[in-house]
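Enquirer: First the structure, then my questions, so here it is.
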Amino acid sequence: MSVTCGLVVANIYYNQPLLAEIARDFRLSESQASLVATITQVGYTLGLLFVVPLGDKRERKSLILALLLCAAVWMAGAAFAPTFLLLAGASLLIGLFSAVPQLLIPMAASLASEEERGRVVGRIMSGLLIGVLLSRTISGYVGAHFGWRTMFWVGAAVMVLITAVLARMLPRNQPHFPGSYGSLLRSLGTLIRDLPVLRRSALVGLCLFAGFSAFWTTLVFFLESPAYRYGSEVAGLFGLIGASGAFAASFAGKSADRKGPDYALNLGVLLFMSAYVVLAFGGQYLLVLVLGVLVLDVGQQMAHISNQARIFSLLPEARSRLNTVYMTACFIGASLGSLLGGQAWALFHWWGVCGLGLSFVVAAYLANRWYAR
């Protein structure tokens, strides 16, 4: 499950180190090209909202296999796209059909005992995080040496391969929600209304993902600016630095089990804020930039895992829908962060990006403290 989460979530992030090359290929501005990242995250949000709830109603294995095959088709569509409009449309559907990890994570949580749930979620999320960050490293290298389209062809092939593997290895898993698809979606509103802890986690997650996405969407532009003059390959290598956050995911899960989710959440948010301060004042120095990326990813993952462990303890029979509400909020934030991050870079460059990201993280901290009262 951990490996699958990493391979599938990578579909959403392959484009980020390639945005400058996409801009040159289609003769677009950097802020226009950044819309590819935004649209992909919008598609993922739609998948969270309209597909992931089916994990509480439909047999999960067949649903997951169907989604993977659709993702493969649209990865190939993005590789072939002759116009930016078609690339944007394919990117939307790539995001929509790449919601598979958010079906696997609640499934894993349901298999774990109450005492080990945080640790299990942390382990699965370690694989997902490695996929998020190493996808940037791989796509940066492939884009620099073989062109951005090649990366999408490779991604399509990986989806076909993982579908074949899961068809043999993933057990069947039948949930028991008795109602219709419409009642399933309507129940999301009931969960939001009745569970203040879910509302709190969703709001905090939205702000944190916005701050996280603003940075990673615009990093390639900063590295190609006169401050560094690096290409997509170096931008991708920063994913290797951020992959250290995978270890924080495991630590956060264990901390949530031992000390409660709030402890790791508050620590993660404080690290996240510190990272943006470091990046704002010292990002033009390579070693400081590396340190800032490291702290930022560790803080993000600690906060995210703690949030997720908290919601999975609420209603065992509704974990897919709880995850839908939480992750939909997170990727609304991610889409907003990508969109505003591109605008902040266009208007104010690095200071604008860091100021925007820090504002989102401070908002997450204040929201968590306000709800805790």
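Lettering and numbering for the structure tokens are positional, with chains as A, B, ... in the shown order, residues counted from 1 in each chain, and ligands counted from 1 in the shown order.
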Compile a residue-level contact table for region 193-224 of chain A against region 320-323 of chain A at a cut-off of 12 Å, reporting for every qualifying residue the shortest atom pair and its distance in Å to one decimal, with only C-alpha atoms counted, rows ordered by chain and ascending number, as JSON lines.

Expert:
{"residue": "A:Asp194", "atom": "CA", "partner": "A:Leu322", "partner_atom": "CA", "distance": 11.7}
{"residue": "A:Leu195", "atom": "CA", "partner": "A:Leu322", "partner_atom": "CA", "distance": 9.8}
{"residue": "A:Val197", "atom": "CA", "partner": "A:Leu322", "partner_atom": "CA", "distance": 10.7}
{"residue": "A:Leu198", "atom": "CA", "partner": "A:Leu322", "partner_atom": "CA", "distance": 7.5}
{"residue": "A:Arg199", "atom": "CA", "partner": "A:Leu322", "partner_atom": "CA", "distance": 10.2}
{"residue": "A:Ser201", "atom": "CA", "partner": "A:Leu322", "partner_atom": "CA", "distance": 10.5}
{"residue": "A:Ala202", "atom": "CA", "partner": "A:Asn323", "partner_atom": "CA", "distance": 9.5}
{"residue": "A:Gly205", "atom": "CA", "partner": "A:Asn323", "partner_atom": "CA", "distance": 11.5}

Enquirer: With all heavy atoms retained, write the just-selected residues as a PDB file, in the first residue's frame.

Expert:
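Contents of result02.pdb, as written:
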ATOM      1  N   ASP A 194     -21.565  17.607  12.359  1.00  0.00           N
ATOM      2  CA  ASP A 194     -21.611  16.951  13.665  1.00  0.00           C
ATOM      3  C   ASP A 194     -20.252  16.758  14.335  1.00  0.00           C
ATOM      4  O   ASP A 194     -20.209  16.422  15.521  1.00  0.00           O
ATOM      5  CB  ASP A 194     -22.290  15.578  13.539  1.00  0.00           C
ATOM      6  CG  ASP A 194     -23.761  15.685  13.147  1.00  0.00           C
ATOM      7  OD1 ASP A 194     -24.317  16.792  13.265  1.00  0.00           O
ATOM      8  OD2 ASP A 194     -24.337  14.667  12.716  1.00  0.00           O
ATOM      9  N   LEU A 195     -19.170  16.927  13.593  1.00  0.00           N
ATOM     10  CA  LEU A 195     -17.850  16.607  14.137  1.00  0.00           C
ATOM     11  C   LEU A 195     -16.944  17.837  14.130  1.00  0.00           C
ATOM     12  O   LEU A 195     -16.275  18.132  13.137  1.00  0.00           O
ATOM     13  CB  LEU A 195     -17.202  15.476  13.328  1.00  0.00           C
ATOM     14  CG  LEU A 195     -17.958  14.145  13.318  1.00  0.00           C
ATOM     15  CD1 LEU A 195     -17.298  13.166  12.340  1.00  0.00           C
ATOM     16  CD2 LEU A 195     -18.017  13.545  14.720  1.00  0.00           C
ATOM     17  N   VAL A 197     -14.109  18.287  15.551  1.00  0.00           N
ATOM     18  CA  VAL A 197     -12.710  17.904  15.367  1.00  0.00           C
ATOM     19  C   VAL A 197     -12.390  17.773  13.879  1.00  0.00           C
ATOM     20  O   VAL A 197     -11.298  18.155  13.428  1.00  0.00           O
ATOM     21  CB  VAL A 197     -12.406  16.584  16.108  1.00  0.00           C
ATOM     22  CG1 VAL A 197     -11.009  16.079  15.756  1.00  0.00           C
ATOM     23  CG2 VAL A 197     -12.531  16.782  17.608  1.00  0.00           C
ATOM     24  N   LEU A 198     -13.327  17.263  13.103  1.00  0.00           N
ATOM     25  CA  LEU A 198     -13.132  17.159  11.655  1.00  0.00           C
ATOM     26  C   LEU A 198     -13.046  18.541  11.026  1.00  0.00           C
ATOM     27  O   LEU A 198     -12.187  18.784  10.163  1.00  0.00           O
ATOM     28  CB  LEU A 198     -14.282  16.360  11.032  1.00  0.00           C
ATOM     29  CG  LEU A 198     -14.259  16.182   9.523  1.00  0.00           C
ATOM     30  CD1 LEU A 198     -13.001  15.436   9.071  1.00  0.00           C
ATOM     31  CD2 LEU A 198     -15.514  15.432   9.045  1.00  0.00           C
ATOM     32  N   ARG A 199     -13.895  19.467  11.448  1.00  0.00           N
ATOM     33  CA  ARG A 199     -13.844  20.832  10.914  1.00  0.00           C
ATOM     34  C   ARG A 199     -12.508  21.483  11.240  1.00  0.00           C
ATOM     35  O   ARG A 199     -11.903  22.159  10.396  1.00  0.00           O
ATOM     36  CB  ARG A 199     -14.990  21.670  11.466  1.00  0.00           C
ATOM     37  CG  ARG A 199     -16.373  21.209  11.053  1.00  0.00           C
ATOM     38  CD  ARG A 199     -17.421  22.285  11.305  1.00  0.00           C
ATOM     39  NE  ARG A 199     -17.515  22.673  12.701  1.00  0.00           N
ATOM     40  CZ  ARG A 199     -18.303  22.078  13.597  1.00  0.00           C
ATOM     41  NH1 ARG A 199     -19.054  21.056  13.235  1.00  0.00           N
ATOM     42  NH2 ARG A 199     -18.361  22.522  14.841  1.00  0.00           N
ATOM     43  N   SER A 201      -9.583  20.013  11.899  1.00  0.00           N
ATOM     44  CA  SER A 201      -8.493  19.396  11.137  1.00  0.00           C
ATOM     45  C   SER A 201      -8.530  19.833   9.676  1.00  0.00           C
ATOM     46  O   SER A 201      -7.481  20.064   9.064  1.00  0.00           O
ATOM     47  CB  SER A 201      -8.589  17.867  11.233  1.00  0.00           C
ATOM     48  OG  SER A 201      -8.374  17.433  12.562  1.00  0.00           O
ATOM     49  N   ALA A 202      -9.725  19.926   9.104  1.00  0.00           N
ATOM     50  CA  ALA A 202      -9.848  20.311   7.701  1.00  0.00           C
ATOM     51  C   ALA A 202      -9.363  21.739   7.476  1.00  0.00           C
ATOM     52  O   ALA A 202      -8.657  22.021   6.490  1.00  0.00           O
ATOM     53  CB  ALA A 202     -11.300  20.166   7.246  1.00  0.00           C
ATOM     54  N   GLY A 205      -5.579  21.783   7.826  1.00  0.00           N
ATOM     55  CA  GLY A 205      -4.985  21.142   6.658  1.00  0.00           C
ATOM     56  C   GLY A 205      -5.036  22.020   5.423  1.00  0.00           C
ATOM     57  O   GLY A 205      -4.079  22.064   4.636  1.00  0.00           O
TER      58      GLY A 205
END

Enquirer: Using only C-alpha atoms, which residues sit within 9 Å of region 331-343 of chain A once same-chain residues fewer than 4 positions away are excluded, as JSON, numbers by chain?

Expert: {"A": [30, 31, 32, 33, 34, 35, 37, 38, 39, 40, 41, 42, 44, 45, 48, 205, 206, 207, 208, 209, 210, 211, 212, 213, 214, 215, 216, 217, 218, 326, 327, 347, 348, 349, 352, 353, 356, 357, 360]}

Enquirer: From the DSSP assignment of the backbone, select every residue of region 34-161 of chain A that is alpha helix (DSSP H), and format the answer as JSON, numbers by chain.

Expert: {"A": [35, 36, 37, 38, 39, 40, 41, 42, 43, 44, 45, 46, 47, 48, 49, 50, 60, 61, 62, 63, 64, 65, 66, 67, 68, 69, 70, 71, 72, 73, 74, 75, 76, 77, 78, 79, 80, 84, 85, 86, 87, 88, 89, 90, 91, 92, 93, 94, 95, 96, 97, 101, 102, 103, 104, 105, 106, 107, 108, 109, 110, 111, 117, 118, 119, 120, 121, 122, 123, 124, 125, 126, 127, 128, 129, 130, 131, 132, 133, 134, 135, 136, 137, 138, 139, 140, 141, 142, 143, 144, 145, 146, 148, 149, 150, 151, 152, 153, 154, 155, 156, 157, 158, 159, 160, 161]}

Enquirer: Would you mind telling me which residue in A:Val220, A:Ser29, A:Val154, A:Glu116 lies nearest to Ala79 (chain A) when using only C-alpha atoms?

Expert: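 Among A:Val220, A:Ser29, A:Val154, A:Glu116, it is A:Val154 that comes nearest to Ala79 (chain A).
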
Enquirer: Would you pick out the contacts of region 260-275 of chain A at 9 Å or less, using only C-alpha atoms, so that residues sharing its chain but fewer than 6 positions from it are not included, and give the list as a ChimeraX atom specification?

Expert: /A:118,208,211-212,251-253,291-310,357-359,361-362,364-365,368

Enquirer: As a list in words, please: the residues near Ala280 (chain A) (cut-off 8 Å, only C-alpha atoms, same-chain neighbours under 6 positions excluded).

Expert: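 In the requested form, the answer reads Trp350, Trp351, Cys354 and Gly355 of chain A.
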
Enquirer: Fewer than 5 positions away in the same chain doesn't count, so skip those; otherwise give me all residues within 9 Å of region 181-187 of chain A, counting only C-alpha atoms, as a list in words.

Expert: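 Selected residues are Leu49, Phe50, Pro53, Leu54, Asp56, Lys57, Ile192 and Arg321 of chain A.
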
Enquirer: For each of A:Thr328, A:Asn173, A:Thr4, A:Gln284, take the minimum atom-to-atom distance to Leu128 (chain A), counting only C-alpha atoms, then give the residue where this is smallest.

Expert: A:Thr4

Enquirer: May I have the residues within 10 Å of Glu317 (chain A) as a VMD selection string, using only C-alpha atoms and disregarding those fewer than 6 positions away in the same chain?

Expert: chain A and resid 56 110 175 to 177

Enquirer: Selection from above, C-alpha atoms, as a PDB file, in the first residue's frame, can you write it?

Expert:
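Generated output (part.pdb):
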ATOM      1  CA  ASP A  56     -17.336   3.295   1.940  1.00  0.00           C
ATOM      2  CA  SER A 110      -9.197   0.095   9.393  1.00  0.00           C
ATOM      3  CA  PRO A 175     -17.537  -1.936   2.722  1.00  0.00           C
ATOM      4  CA  HIS A 176     -21.105  -1.925   4.024  1.00  0.00           C
ATOM      5  CA  PHE A 177     -22.684   1.483   3.410  1.00  0.00           C
TER       6      PHE A 177
END
